[in-house]
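The next block holds one structure in the form of structure tokens; read it before the comments.
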Amino acid sequence: MVVEVGYAQAWDLEACAPWRPMSAEDARKRDAAGLPYVVVYREPGRKAPLEVRLVSWRDHYVGLWVYYAQGRRTYDLDMRLLDDPSRLLRRYSVGWYYTGPEMPEFDKACPRITVDLFPDGRGRRTEERQGQGGGSYATSPRLRDDERWMDRPAFGEWPLLSAQVHGLSEPPPFEVPEVAEAAEPGDADAPATCWRPPRPAQPGPINELFRPGVRVTDGYHPEMTVVEPRRIGPPAGPVTSLVAVAA
């Protein structure tokens with residue numbers, strides 16, 4: 001069995017396909033610059049990929065998704081580049097165990113095992129044998145240090161971590177097909193269905209909540225409008241408040 005290795009700027013989750021395929025050389029340049037890119041491993045003749053690796057060194061992140069032949073993700077691995085630039089922490093992983101070929105991807109009734117690992121050696125392994133809402137069993141994962149961390153591989157030297165999932169006893173040979181030259185787009189050009197690296201949450205426009213005339217909603221209640229401040233405290237200790245009223 002030969003595994004084809006392809007590169008792209010992003011991965012379209014909805015289409016289950018690479019977005020903006022690129023050559024290995026272009027991907028190498030993005031890797032060196034820390035820019036996001038994906039690596040797609042395919043078996044010729046198989047519609048769904050074997051696995052998709054998501055890399056963004058500037059965001060200290062590497063992800064891995066393993067796919068069944070039906071196109072459902074069966075394994076999700078989250079790795080983080082922390083203080084040591086040469087080592088990756090296997091921070092989070094979840095495996096789904098579909099009970100039949102017709103069960104939708106990430107079905108709430110799908111049994112799954114989730115492992116959370118922390119840099120100080122602590123962690124948690126949660127087993128949900130009946131899926132979400134069916135009870136869970138949590139224990140401390142018993143892992144060696146080399147199972148928590150992995151050396152940061154050089155470009156093009158990633159191991160095929162889905163080999164065990166797909167029953168491959170030995171690492172298969174890789175083949176990199178040629179890709180037609182394409183104009184380099186900006187990261188913001190990717191459609192909303194594409195994967196994006198996780199980043200720290202950014203503060204919202206909090207000042208807008210205190211500007212009279214602004215209309216706000218929390219998604220559950222009717223839209224409200226911020227009005228002028230109204231003094232509610234005594235003269236000796238004035239306290240003002242902004243009141244929001246339903247439109």
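So you can find residues: chains in the structure tokens are A, B, ... in the order shown, residues in each start at 1, and ligands are numbered from 1 in order.
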(message) Just want the 6 Å neighbourhood of stretch 125-127 of chain A, counted on only C-alpha atoms, with same-chain residues fewer than 2 positions away dropped. Output as a PyMOL selection string.
(response) chain A and resi 113-115+136-141
(request) Determine, counting only C-alpha atoms, which protein, DNA and RNA residues have an atom within 9 Å of an atom of A:Arg112; residues of the same chain fewer than 6 positions away are not included. Present the result as a PyMOL selection string. (result) chain A and resi 94-98+126-132
Once you have the residues from the selection above, write them out as a PDB file, in the first residue's frame, restricted to C-alpha atoms.
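Listed below is the output, part_5.pdb:
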```pdb
ATOM      1  CA  VAL A  94     -10.661  11.994  21.871  1.00  0.00           C
ATOM      2  CA  GLY A  95     -11.600   8.764  20.145  1.00  0.00           C
ATOM      3  CA  TRP A  96     -15.096   7.976  18.857  1.00  0.00           C
ATOM      4  CA  TYR A  97     -16.264   4.336  18.600  1.00  0.00           C
ATOM      5  CA  TYR A  98     -19.192   4.286  16.195  1.00  0.00           C
ATOM      6  CA  THR A 126     -12.895  10.032  30.673  1.00  0.00           C
ATOM      7  CA  GLU A 127     -14.755   7.081  29.229  1.00  0.00           C
ATOM      8  CA  GLU A 128     -18.355   7.531  28.034  1.00  0.00           C
ATOM      9  CA  ARG A 129     -19.535   4.071  27.035  1.00  0.00           C
ATOM     10  CA  GLN A 130     -23.046   5.248  26.119  1.00  0.00           C
ATOM     11  CA  GLY A 131     -22.095   8.624  24.706  1.00  0.00           C
ATOM     12  CA  GLN A 132     -23.027  12.005  26.114  1.00  0.00           C
TER      13      GLN A 132
END
```
Counting only C-alpha atoms, what is within 9 Å of stretch 70-80 of chain A, bar same-chain residues fewer than 4 positions away, as a compact mmCIF listing (two decimals) with C-alpha atoms, in the first residue's frame?
```txt
# COMPACT_ATOMS: atom_id res chain seq x y z
CA CYS A 16 -13.92 16.99 3.61
CA LYS A 47 -12.58 8.81 -0.95
CA ALA A 48 -11.97 9.82 2.65
CA PRO A 49 -8.42 10.63 3.78
CA GLU A 51 -5.64 11.40 8.30
CA ASP A 59 -0.07 29.48 17.12
CA HIS A 60 2.00 26.75 18.84
CA TYR A 61 -0.48 24.18 17.55
CA VAL A 62 -0.52 20.87 15.69
CA GLY A 63 -3.73 18.90 15.27
CA LEU A 64 -4.52 15.49 13.83
CA TRP A 65 -7.79 14.03 12.56
CA VAL A 66 -8.12 10.36 11.62
CA ARG A 87 8.85 19.27 22.12
CA LEU A 88 5.10 18.94 21.62
CA LEU A 89 2.70 18.14 24.46
CA ARG A 90 -0.10 15.75 23.55
CA ARG A 91 -2.57 18.01 25.33
CA TYR A 92 -5.89 16.53 24.36
CA SER A 93 -7.27 13.55 22.45
CA VAL A 94 -10.66 11.99 21.87
CA GLY A 95 -11.60 8.76 20.15
CA TRP A 96 -15.10 7.98 18.86
CA TYR A 97 -16.26 4.34 18.60
CA TYR A 98 -19.19 4.29 16.19
CA PRO A 101 -21.96 2.43 9.62
CA PRO A 104 -23.62 10.12 12.12
CA GLU A 105 -20.28 11.70 12.87
CA PHE A 106 -20.00 12.78 16.52
CA TRP A 149 5.43 14.44 24.71
CA SER A 162 -3.29 6.56 12.04
CA VAL A 165 -6.24 2.67 13.57
```
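The shortest atom-to-atom distance to A:Ala10, with only C-alpha atoms taken into account, belongs to A:Pro191 out of A:Pro159, A:Pro85, A:Pro191, A:Gly213.
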(request) Would you list, as a VMD selection string, the residues of stretch 39-218 of chain A that end up in strand (DSSP E or B) under DSSP run on this structure's backbone? (result) chain A and resid 39 to 42 51 to 56 61 to 67 73 to 81 87 to 96 112 to 117 123 to 128 137 to 139 149 to 151 174 to 175 194 215 to 216
(message) My list of candidates is A:Trp195, A:Phe118, A:Tyr68, A:Phe155. Which is closest to A:Asp12 when distances are computed with only C-alpha atoms?
(response) A:Trp195
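As for atom CA of A:Pro111 and atom CA of A:Leu160, they are spaced 24.4 Å apart.
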(message) Can you measure atom CA of A:Val38 to atom CA of A:Pro18 for me? One decimal in Å is fine.
(response) 7.9 Å
(request) Just the residues within 12 Å of A:Glu208, please, counting only C-alpha atoms, with nothing from its chain fewer than 6 positions along; format it as a VMD selection string. (result) chain A and resid 214 to 216 225 to 227 242
(message) Taking only C-alpha atoms into account, name the residue in A:Asp189, A:Glu175, A:Asp120, A:Glu43 that is nearest to A:Asp145.
(response) A:Asp120
(request) Would you mind listing what lies within 10 Å of A:Glu4 as a list in words, with only C-alpha atoms counted and same-chain residues fewer than 4 positions away left out? (result) Val40, Tyr41, Arg42, Glu43, Pro44, Pro49, Leu50, Pro172, Pro173, Phe174, Glu175, Val176 and Pro177 of chain A
(message) Just the number, please: distance in Å from atom CA of A:Glu178 to atom CA of A:Trp57, one decimal.
(response) 24.8 Å
(request) May I ask which of the residues A:Cys110, A:Leu54, A:Met1, A:Leu82 is the closest one to A:Met150, counting only C-alpha atoms? (result) A:Leu82
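If you measure from each of A:Cys194, A:Met224, A:Ala27, A:Leu209 to A:Ala15 using only C-alpha atoms, the closest one turns out to be A:Cys194.
Every residue of stretch 4-246 of chain A found in alpha helix (DSSP H) when DSSP is run on the backbone appears here: Ala24, Glu25, Asp26, Ala27, Arg28, Lys29, Arg30, Asp31, Ala32, Ala33, Asp145, Asp146, Glu147 and Arg148 of chain A.
Proximity to A:Ala154 was assessed for A:Asp83, A:Arg142, A:Arg230, A:Asp31 counting only C-alpha atoms; the smallest distance is recorded for A:Asp31.
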